[in-house]
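Student: You'll find query.cif just under this line, and it carries mmCIF, C-alpha atoms.
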```cif
data_work
loop_
_atom_site.label_atom_id
_atom_site.label_comp_id
_atom_site.auth_asym_id
_atom_site.auth_seq_id
_atom_site.Cartn_x
_atom_site.Cartn_y
_atom_site.Cartn_z
CA MET Z 1 63.98 200.94 202.64
CA VAL Z 2 61.80 198.51 204.60
CA THR Z 3 58.86 199.11 206.84
CA ALA Z 4 59.37 199.28 210.58
CA ALA Z 5 57.78 195.85 210.89
CA GLY Z 6 60.30 194.35 208.51
CA GLY Z 7 57.82 194.18 205.63
CA PRO Z 8 58.16 194.95 201.94
CA PRO Z 9 60.32 197.89 200.84
CA ALA Z 10 58.49 201.18 200.50
CA GLY Z 11 60.97 203.05 198.30
CA ASP Z 12 59.79 206.24 196.61
CA LEU Z 13 56.66 204.73 195.07
CA PRO Z 14 53.11 205.98 195.66
CA PRO Z 15 50.51 203.61 197.12
CA LEU Z 16 50.23 200.72 194.69
CA VAL Z 17 47.17 200.05 192.56
CA ASP Z 18 46.68 196.29 192.46
CA HIS Z 19 44.61 196.26 189.31
CA HIS Z 20 43.97 192.50 189.30
CA CYS Z 21 43.65 190.34 192.41
CA HIS Z 22 41.28 187.94 194.14
CA GLY Z 23 39.74 187.50 197.56
CA VAL Z 24 41.43 186.00 200.61
CA LEU Z 25 40.23 182.90 202.49
CA ARG Z 26 38.11 183.83 205.49
CA TYR Z 27 39.10 180.65 207.32
CA GLU Z 28 42.44 179.16 208.38
CA PRO Z 29 43.70 176.69 205.75
CA ASP Z 30 45.44 173.53 206.87
CA ALA Z 31 49.06 172.94 205.90
CA ALA Z 32 48.22 171.07 202.71
CA GLU Z 33 45.79 173.72 201.45
CA PHE Z 34 48.21 176.51 202.31
CA ALA Z 35 51.04 174.83 200.38
CA GLY Z 36 48.71 174.16 197.45
CA LEU Z 37 47.97 177.87 197.14
CA LEU Z 38 51.67 178.55 196.57
CA THR Z 39 51.49 176.94 193.14
CA GLU Z 40 49.37 176.80 190.00
CA ALA Z 41 49.32 172.99 190.24
CA ASP Z 42 45.97 171.39 190.97
CA ARG Z 43 47.37 168.27 192.67
CA PRO Z 44 49.57 167.67 195.73
CA ALA Z 45 53.33 167.94 195.42
CA ALA Z 46 55.24 164.85 194.34
CA ALA Z 47 56.15 162.41 197.08
CA GLY Z 48 59.12 163.63 199.07
CA THR Z 49 58.75 167.23 197.87
CA THR Z 50 56.91 170.36 198.98
CA PHE Z 51 55.56 173.45 197.24
CA PHE Z 52 57.44 175.50 199.81
CA ASP Z 53 60.57 174.54 197.85
CA THR Z 54 59.70 176.93 195.02
CA GLN Z 55 60.51 180.54 194.27
CA THR Z 56 57.10 181.48 195.67
CA GLY Z 57 57.57 179.39 198.80
CA PHE Z 58 60.98 180.90 199.49
CA ALA Z 59 59.60 184.41 198.90
CA VAL Z 60 56.80 183.80 201.42
CA ARG Z 61 59.38 182.69 203.99
CA ARG Z 62 61.53 185.73 203.21
CA TRP Z 63 58.90 188.48 203.45
CA CYS Z 64 56.04 187.25 205.62
CA PRO Z 65 57.42 185.88 208.92
CA PRO Z 66 58.70 189.27 210.16
CA LEU Z 67 55.18 190.66 209.78
CA LEU Z 68 53.93 187.98 212.19
CA GLY Z 69 56.76 188.44 214.68
CA LEU Z 70 59.07 185.69 213.40
CA PRO Z 71 62.52 185.76 211.80
CA ALA Z 72 62.73 185.73 208.02
CA HIS Z 73 63.24 182.29 206.47
CA CYS Z 74 61.89 180.47 209.51
CA PRO Z 75 60.74 176.87 208.83
CA PRO Z 76 57.29 176.51 207.26
CA GLU Z 77 56.02 174.54 210.26
CA ARG Z 78 56.87 177.37 212.64
CA TYR Z 79 55.31 179.94 210.35
CA LEU Z 80 52.07 178.00 209.98
CA ALA Z 81 51.88 177.46 213.75
CA ARG Z 82 52.19 181.22 214.32
CA ARG Z 83 49.51 181.79 211.72
CA ARG Z 84 47.14 179.50 213.64
CA GLU Z 85 47.91 181.30 216.90
CA LEU Z 86 46.90 184.66 215.45
CA GLY Z 87 43.84 183.53 213.49
CA PRO Z 88 42.82 184.42 209.93
CA GLU Z 89 41.48 187.93 210.61
CA ALA Z 90 44.58 189.12 212.43
CA VAL Z 91 46.88 187.54 209.85
CA ARG Z 92 44.94 189.18 207.04
CA ARG Z 93 45.17 192.62 208.67
CA ARG Z 94 48.87 192.33 209.51
CA LEU Z 95 49.89 191.15 206.07
CA LEU Z 96 47.68 193.27 203.84
CA SER Z 97 48.40 196.46 205.77
CA ALA Z 98 52.13 195.97 205.09
CA THR Z 99 51.85 195.75 201.30
CA GLY Z 100 51.64 199.44 200.50
CA ILE Z 101 48.64 198.76 198.24
CA GLY Z 102 46.09 201.58 198.19
CA VAL Z 103 43.57 200.28 195.65
CA TYR Z 104 42.42 196.70 195.08
CA LEU Z 105 40.57 195.74 191.90
CA VAL Z 106 39.17 192.34 192.86
CA ASP Z 107 38.04 189.65 190.43
CA THR Z 108 34.98 188.18 192.13
CA GLY Z 109 34.50 185.27 189.71
CA LEU Z 110 36.15 182.50 191.71
CA PRO Z 111 34.24 180.17 194.05
CA GLY Z 112 34.95 179.71 197.73
CA ASP Z 113 34.67 181.53 201.04
CA LEU Z 114 36.68 184.54 199.90
CA THR Z 115 36.69 188.19 200.92
CA GLY Z 116 35.08 190.60 198.47
CA PRO Z 117 36.44 193.96 197.27
CA ALA Z 118 35.48 196.05 200.30
CA GLU Z 119 36.55 193.45 202.88
CA THR Z 120 39.86 192.77 201.14
CA ALA Z 121 40.65 196.45 200.78
CA GLY Z 122 39.49 197.26 204.30
CA ALA Z 123 41.97 194.80 205.80
CA GLY Z 124 44.74 196.54 203.91
CA GLY Z 125 43.60 200.08 204.65
CA GLY Z 126 42.71 200.78 201.02
CA THR Z 127 39.70 200.97 198.74
CA GLY Z 128 38.24 198.26 196.54
CA ARG Z 129 36.42 197.85 193.24
CA GLU Z 130 35.02 194.81 191.49
CA VAL Z 131 36.35 193.19 188.31
CA VAL Z 132 33.47 191.22 186.76
CA ARG Z 133 34.40 187.87 185.23
CA LEU Z 134 32.33 187.47 182.09
CA GLU Z 135 32.06 183.70 182.02
CA THR Z 136 30.96 183.56 185.65
CA LEU Z 137 28.41 186.30 185.02
CA ALA Z 138 26.90 184.25 182.19
CA GLU Z 139 26.95 180.99 184.16
CA ARG Z 140 25.28 182.55 187.21
CA LEU Z 141 22.66 184.16 185.01
CA ALA Z 142 21.85 180.88 183.27
CA ALA Z 143 21.61 179.05 186.59
CA GLY Z 144 19.29 181.70 188.01
CA LEU Z 145 16.98 181.57 185.00
CA ALA Z 146 16.99 177.76 185.00
CA ALA Z 147 15.81 177.72 188.60
CA ASN Z 148 12.42 178.88 187.29
CA GLY Z 149 12.16 176.28 184.53
CA PRO Z 150 13.55 175.69 181.02
CA VAL Z 151 15.37 178.70 179.58
CA VAL Z 152 14.65 179.97 176.08
CA ALA Z 153 17.78 181.06 174.19
CA GLU Z 154 16.31 184.46 173.30
CA GLU Z 155 15.45 185.07 176.94
CA PHE Z 156 18.99 184.24 178.00
CA THR Z 157 20.74 186.37 175.38
CA ALA Z 158 18.54 189.38 176.14
CA ALA Z 159 19.14 188.98 179.88
CA LEU Z 160 22.87 188.59 179.29
CA ASP Z 161 23.03 191.85 177.36
CA ARG Z 162 21.21 193.63 180.19
CA ALA Z 163 23.45 192.02 182.83
CA VAL Z 164 26.68 193.13 181.16
CA ARG Z 165 25.42 196.68 180.71
CA ALA Z 166 24.26 196.78 184.33
CA ALA Z 167 27.60 195.47 185.61
CA ALA Z 168 29.44 198.14 183.63
CA ARG Z 169 27.82 200.85 185.74
CA THR Z 170 29.79 199.85 188.85
CA ALA Z 171 32.59 197.51 187.75
CA ALA Z 172 36.14 198.75 187.40
CA ALA Z 173 36.64 196.32 184.50
CA PHE Z 174 35.55 193.10 182.90
CA LYS Z 175 37.67 189.98 182.62
CA SER Z 176 37.58 186.98 180.30
CA VAL Z 177 39.16 183.59 180.90
CA ALA Z 178 38.63 182.44 177.32
CA ALA Z 179 42.21 181.17 177.47
CA TYR Z 180 40.97 178.48 179.87
CA ARG Z 181 37.66 177.76 178.19
CA HIS Z 182 38.77 177.54 174.55
CA GLY Z 183 42.12 179.23 173.95
CA LEU Z 184 42.97 182.63 172.54
CA ALA Z 185 42.80 181.70 168.85
CA LEU Z 186 39.27 183.04 168.59
CA ASP Z 187 37.56 184.36 165.47
CA PRO Z 188 38.05 188.11 165.98
CA ARG Z 189 34.68 189.11 164.52
CA PRO Z 190 31.57 189.70 166.65
CA PRO Z 191 29.28 186.69 166.16
CA GLY Z 192 25.96 187.37 164.48
CA PRO Z 193 22.63 187.18 166.35
CA ASP Z 194 21.63 183.86 164.79
CA ALA Z 195 24.95 182.26 165.71
CA VAL Z 196 24.65 183.55 169.28
CA ARG Z 197 21.10 182.21 169.68
CA THR Z 198 22.08 178.81 168.28
CA ALA Z 199 25.10 178.56 170.56
CA ALA Z 200 23.07 179.65 173.56
CA ARG Z 201 20.33 177.13 172.80
CA ASP Z 202 22.84 174.29 172.51
CA TRP Z 203 24.68 175.27 175.71
CA LEU Z 204 21.50 175.68 177.73
CA ALA Z 205 20.06 172.40 176.42
CA ALA Z 206 23.22 170.54 177.41
CA GLY Z 207 22.82 171.77 180.98
CA ALA Z 208 26.57 172.31 181.20
CA PRO Z 209 27.45 174.72 184.02
CA ARG Z 210 30.78 175.63 182.40
CA LEU Z 211 30.70 177.94 179.41
CA THR Z 212 33.20 176.82 176.78
CA ASP Z 213 31.43 177.56 173.49
CA PRO Z 214 33.70 179.83 171.39
CA VAL Z 215 30.76 181.73 169.91
CA LEU Z 216 29.45 182.65 173.37
CA LEU Z 217 32.95 183.50 174.59
CA ARG Z 218 33.38 185.90 171.66
CA HIS Z 219 29.92 187.31 172.26
CA LEU Z 220 30.77 188.04 175.89
CA ILE Z 221 34.00 189.78 174.88
CA TRP Z 222 32.21 191.99 172.38
CA LEU Z 223 29.41 192.79 174.84
CA ALA Z 224 32.09 193.96 177.28
CA VAL Z 225 33.93 195.94 174.60
CA ALA Z 226 30.69 197.76 173.78
CA THR Z 227 30.46 199.12 177.34
CA GLY Z 228 33.77 200.97 177.12
CA ARG Z 229 35.02 199.54 180.42
CA PRO Z 230 38.56 198.11 180.32
CA LEU Z 231 38.73 194.44 179.41
CA GLN Z 232 41.24 192.15 181.12
CA LEU Z 233 42.23 188.98 179.28
CA HIS Z 234 44.03 186.06 180.91
CA THR Z 235 47.12 185.16 178.91
CA GLY Z 236 50.13 182.97 179.67
CA PHE Z 237 50.44 180.42 182.42
CA GLY Z 238 47.89 179.34 184.97
CA ASP Z 239 46.63 176.09 186.43
CA PRO Z 240 46.51 172.90 184.32
CA ASP Z 241 42.93 173.69 183.28
CA LEU Z 242 44.44 175.58 180.34
CA ARG Z 243 46.71 174.57 177.49
CA LEU Z 244 49.69 176.90 177.70
CA ASP Z 245 50.27 176.90 173.95
CA ARG Z 246 46.73 178.22 173.47
CA ALA Z 247 47.30 181.09 175.92
CA ASP Z 248 50.00 182.93 173.95
CA PRO Z 249 48.84 186.57 173.71
CA ALA Z 250 50.15 186.73 170.14
CA LEU Z 251 47.09 184.64 169.23
CA LEU Z 252 44.99 187.71 170.06
CA THR Z 253 46.55 189.85 167.33
CA ASP Z 254 43.51 189.81 165.04
CA LEU Z 255 41.11 190.49 167.91
CA LEU Z 256 43.25 193.38 169.09
CA ARG Z 257 43.28 194.77 165.58
CA ALA Z 258 39.49 194.43 165.43
CA THR Z 259 39.00 196.28 168.74
CA ALA Z 260 41.54 199.02 168.07
CA ASP Z 261 39.00 201.75 167.30
CA THR Z 262 36.32 200.84 169.82
CA GLY Z 263 37.56 203.11 172.60
CA THR Z 264 37.97 200.14 174.97
CA ASP Z 265 41.35 199.38 176.53
CA VAL Z 266 42.52 195.75 176.70
CA VAL Z 267 44.86 194.59 179.48
CA LEU Z 268 46.84 191.38 178.95
CA LEU Z 269 47.18 189.68 182.31
CA HIS Z 270 50.14 187.63 183.58
CA CYS Z 271 51.65 186.88 180.14
CA TYR Z 272 54.60 184.67 181.24
CA PRO Z 273 56.36 182.97 179.48
CA TYR Z 274 54.99 185.03 176.59
CA HIS Z 275 55.70 188.35 178.27
CA ARG Z 276 57.85 189.57 175.39
CA GLN Z 277 54.95 188.94 173.00
CA ALA Z 278 52.65 190.87 175.33
CA ALA Z 279 55.14 193.74 175.53
CA TYR Z 280 55.26 193.85 171.74
CA LEU Z 281 51.46 193.98 171.48
CA ALA Z 282 51.39 196.82 174.01
CA ALA Z 283 53.96 198.63 171.90
CA VAL Z 284 52.08 198.41 168.59
CA PHE Z 285 48.43 198.76 169.69
CA PRO Z 286 47.56 202.01 171.52
CA HIS Z 287 44.67 200.40 173.41
CA VAL Z 288 46.67 197.38 174.68
CA TYR Z 289 48.40 197.18 178.06
CA ALA Z 290 50.46 194.46 179.76
CA ASP Z 291 50.55 193.30 183.37
CA VAL Z 292 53.27 191.81 185.59
CA GLY Z 293 50.90 190.11 188.06
CA LEU Z 294 51.40 186.46 188.98
CA THR Z 295 54.62 186.39 186.96
CA LEU Z 296 56.83 188.14 189.51
CA THR Z 297 55.38 186.12 192.39
CA HIS Z 298 56.28 182.85 190.71
CA THR Z 299 59.71 183.92 189.44
CA GLY Z 300 60.81 185.08 192.90
CA ALA Z 301 64.52 185.81 193.11
CA ARG Z 302 64.55 186.06 189.29
CA ALA Z 303 61.81 188.71 189.25
CA ALA Z 304 64.15 191.54 188.24
CA ALA Z 305 65.35 189.63 185.18
CA VAL Z 306 61.79 188.94 184.04
CA LEU Z 307 60.65 192.51 184.73
CA ALA Z 308 63.56 193.73 182.63
CA GLU Z 309 62.30 191.58 179.77
CA PHE Z 310 58.85 193.15 180.07
CA LEU Z 311 60.49 196.56 179.82
CA GLU Z 312 62.49 195.73 176.70
CA LEU Z 313 59.58 196.59 174.40
CA ALA Z 314 56.62 197.66 176.52
CA PRO Z 315 56.18 201.44 176.54
CA PHE Z 316 56.55 202.58 180.12
CA GLY Z 317 53.04 204.00 180.16
CA LYS Z 318 51.60 200.62 179.15
CA LEU Z 319 52.81 198.33 181.95
CA LEU Z 320 50.70 197.79 185.10
CA PHE Z 321 51.36 196.32 188.53
CA SER Z 322 49.19 193.63 190.06
CA THR Z 323 49.66 190.71 192.42
CA ASP Z 324 46.98 188.30 191.13
CA ALA Z 325 46.96 187.19 194.78
CA TYR Z 326 44.39 184.53 195.58
CA GLY Z 327 43.41 182.84 198.81
CA LEU Z 328 46.46 183.77 200.90
CA PRO Z 329 47.24 187.32 202.07
CA GLU Z 330 50.87 186.21 201.87
CA LEU Z 331 50.62 186.39 198.09
CA TYR Z 332 49.76 190.08 198.30
CA VAL Z 333 52.87 190.62 200.41
CA VAL Z 334 55.11 188.63 198.07
CA GLY Z 335 53.68 190.19 194.90
CA SER Z 336 54.19 193.74 196.15
CA ALA Z 337 57.59 193.06 197.72
CA LEU Z 338 59.03 191.38 194.63
CA PHE Z 339 57.67 194.14 192.41
CA ARG Z 340 59.24 196.85 194.55
CA THR Z 341 62.61 195.14 194.92
CA ALA Z 342 62.83 194.13 191.26
CA LEU Z 343 61.85 197.58 190.06
CA ALA Z 344 64.32 199.25 192.44
CA GLU Z 345 67.14 196.96 191.28
CA LEU Z 346 66.49 197.79 187.65
CA LEU Z 347 65.96 201.52 188.04
CA ASP Z 348 68.93 201.95 190.36
CA GLY Z 349 71.14 200.06 187.93
CA TRP Z 350 70.00 201.96 184.87
CA THR Z 351 70.38 205.26 186.72
CA ALA Z 352 73.87 204.39 187.98
CA SER Z 353 74.95 203.44 184.46
CA GLY Z 354 73.79 206.77 183.09
CA ALA Z 355 71.19 205.18 180.82
CA TRP Z 356 68.35 206.84 182.73
CA SER Z 357 68.13 210.03 184.75
CA ALA Z 358 67.07 209.76 188.37
CA ALA Z 359 64.03 211.92 187.65
CA ASP Z 360 62.89 209.67 184.81
CA ALA Z 361 63.41 206.57 186.94
CA ARG Z 362 61.19 207.97 189.70
CA ARG Z 363 58.56 209.02 187.18
CA VAL Z 364 58.45 205.65 185.42
CA GLY Z 365 58.39 203.77 188.72
CA ALA Z 366 55.35 205.74 189.84
CA MET Z 367 53.63 205.15 186.48
CA ILE Z 368 53.98 201.38 186.64
CA ALA Z 369 53.14 201.19 190.34
CA ALA Z 370 49.96 203.24 190.17
CA GLY Z 371 49.70 206.00 187.60
CA ASN Z 372 49.07 203.81 184.56
CA ALA Z 373 46.30 201.88 186.32
CA ARG Z 374 44.69 205.08 187.59
CA ARG Z 375 44.54 206.36 184.02
CA VAL Z 376 43.27 203.13 182.44
CA TYR Z 377 40.56 202.46 185.06
CA GLY Z 378 39.60 206.07 185.67
CA LEU Z 379 40.64 206.08 189.32
CA GLU Z 380 40.58 209.80 189.94
CA ASP Z 381 42.17 211.72 192.80
CA GLY Z 382 43.51 208.67 194.56
CA GLY Z 383 40.11 207.28 195.52
CA THR Z 384 37.50 204.78 194.42
CA ALA Z 385 34.13 203.60 195.51
CA ASP Z 386 33.79 200.21 197.13
CA GLY Z 387 32.47 197.51 194.84
CA PRO Z 388 29.85 194.94 195.89
CA GLU Z 389 30.76 192.01 198.08
CA ASP Z 390 30.45 189.14 195.61
CA GLY Z 391 32.47 186.07 196.52
CA GLY Z 392 31.77 182.54 195.38
CA ARG Z 393 29.33 181.16 192.77
#
```
Could I get this structure in the form of structure tokens?
Tutor:
Amino acid sequence: MVTAAGGPPAGDLPPLVDHHCHGVLRYEPDAAEFAGLLTEADRPAAAGTTFFDTQTGFAVRRWCPPLLGLPAHCPPERYLARRRELGPEAVRRRLLSATGIGVYLVDTGLPGDLTGPAETAGAGGGTGREVVRLETLAERLAAGLAANGPVVAEEFTAALDRAVRAAARTAAAFKSVAAYRHGLALDPRPPGPDAVRTAARDWLAAGAPRLTDPVLLRHLIWLAVATGRPLQLHTGFGDPDLRLDRADPALLTDLLRATADTGTDVVLLHCYPYHRQAAYLAAVFPHVYADVGLTLTHTGARAAAVLAEFLELAPFGKLLFSTDAYGLPELYVVGSALFRTALAELLDGWTASGAWSAADARRVGAMIAAGNARRVYGLEDGGTADGPEDGGR
């Protein structure tokens, strides 16, 4: 079914747990910035084309206009004009409140004037927690220390250890973007203290704000693993800052084997077009989970086919919903709507064919929508505490 406002289908699912997402712009983007946020590209569309002519663009025009009082599939120009009439706060409230999301786990590691966990969740009528991005944590720490003069490597590494342990007390999870900074073919072993100090000294001496050293990336991952909080790893596609062939989750096999007995769960984010590899890893490693976020938003009308491929090998208790929405509240709407419709199409079809019972279909749907995330992140009794407001660098 659909909401009274014509929003995403509600179905029989519980409130969704969006276990990986980002803040929303506090200001009104112009037409070019809005269109740019519909894609992972980092440059304008080719001459004579528009990013609205994508699966994501069509999905936005399908699901979002009715929530702002317009007909579905209205022209982009009319939609953007209506958006400007209402203003960013009203648009954010209207769109997020229609998603059916109850919990938002917000990665606060991106720069910009973005809403934090509590503000994002409040607009949607839910609760929020922070996901701490490891590389950003290290970069902010180094910059803060450097503001007081030259930084000694030993000082930095000791402070980094304290910062990760402190973040673990309130964070829902940690996240690494090593796929962007180096690639996933990392040495699976924890680096030794001497190697960490040498790498830290070289990085600090170079004055580079961006952490790309593979030794420090591994060190951050192992610091996070030691806390016991879930660790999210970017895999699969993203913006052109990464090399897609270096983001195949299969490259993590040795690291996953090395972390198997640590007690820390690892969640493979996004995964596409390597989602079958991610599903396999979730099947063979008890501590590994896979995520459909970003993938369904960008595959649009093909979302059901891709979700079916996730479910070929992934155990049903190992797959998690997220939107990976960033910047635009529309991406929360699209991510949740495509998840619900794709899941309903699959479960209804498998039930009608006799392959699944109706009871099992309802149970599995609830697991993927919310139950699995509640178990992995320890979200008890349907509630969470608000995380800190921490947008931008």
Student: Any idea what's packed within 7 Å of Asp107 in chain Z, counting all atoms listed in the file, ignoring anything in its chain fewer than 3 positions away? Could you give it as JSON, numbers by chain?
Tutor: {"Z": [20, 21, 22, 130, 131, 132, 133]}
Student: Hey, what's within 7 Å of range 303-318 of chain Z if we count all atoms listed in the file and toss same-chain stuff fewer than 5 positions away? As a PyMOL selection string, please?
Tutor: chain Z and resi 275-276+279-280+282-283+289-290+296+338+342-343+345-346+364+367+372
Student: Put those residues in a file: C-alpha atoms, as a PDB file, in the coordinates of the input.
Tutor:
```pdb
ATOM      1  CA  HIS Z 275      55.700 188.350 178.270  1.00  0.00           C
ATOM      2  CA  ARG Z 276      57.850 189.570 175.390  1.00  0.00           C
ATOM      3  CA  ALA Z 279      55.140 193.740 175.530  1.00  0.00           C
ATOM      4  CA  TYR Z 280      55.260 193.850 171.740  1.00  0.00           C
ATOM      5  CA  ALA Z 282      51.390 196.820 174.010  1.00  0.00           C
ATOM      6  CA  ALA Z 283      53.960 198.630 171.900  1.00  0.00           C
ATOM      7  CA  TYR Z 289      48.400 197.180 178.060  1.00  0.00           C
ATOM      8  CA  ALA Z 290      50.460 194.460 179.760  1.00  0.00           C
ATOM      9  CA  LEU Z 296      56.830 188.140 189.510  1.00  0.00           C
ATOM     10  CA  LEU Z 338      59.030 191.380 194.630  1.00  0.00           C
ATOM     11  CA  ALA Z 342      62.830 194.130 191.260  1.00  0.00           C
ATOM     12  CA  LEU Z 343      61.850 197.580 190.060  1.00  0.00           C
ATOM     13  CA  GLU Z 345      67.140 196.960 191.280  1.00  0.00           C
ATOM     14  CA  LEU Z 346      66.490 197.790 187.650  1.00  0.00           C
ATOM     15  CA  VAL Z 364      58.450 205.650 185.420  1.00  0.00           C
ATOM     16  CA  MET Z 367      53.630 205.150 186.480  1.00  0.00           C
ATOM     17  CA  ASN Z 372      49.070 203.810 184.560  1.00  0.00           C
TER      18      ASN Z 372
END
```
Student: With the PyMOL selection byres ((chain Z and resi 16) around 6) as the selection, what would be picked from this file? Answer as a count of residues only, please.
Tutor: 6
Student: Within 12 Å of range 135-141 of chain Z, which residues of range 223-310 of chain Z come that close, and what is the closest atom pair and distance in Å for each? Count all atoms listed in the file and give it as JSON lines.
Tutor:
```
{"residue": "Z:Leu223", "atom": "CA", "partner": "Z:Ala138", "partner_atom": "CA", "distance": 11.5}
{"residue": "Z:Ala224", "atom": "CA", "partner": "Z:Glu135", "partner_atom": "CA", "distance": 11.3}
{"residue": "Z:Leu233", "atom": "CA", "partner": "Z:Glu135", "partner_atom": "CA", "distance": 11.8}
```
Student: Could you name the residues that touch Arg82 in chain Z at 9 Å or less, counting all atoms listed in the file, but leaving out those on the same chain fewer than 4 positions away, as a list in words?
Tutor: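 Once the nearby chain positions are removed, what remains is Pro65, Leu68, Gly69, Leu70, Glu77, Arg78, Leu86 and Gly87 of chain Z.
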Student: Once the PyMOL selection byres ((chain Z and resi 378) around 12) has been applied to the shown file, what residues remain in the selection, as a ChimeraX atom specification?
Tutor: /Z:17,19,129,171-173,228-230,265,370-377,379-385
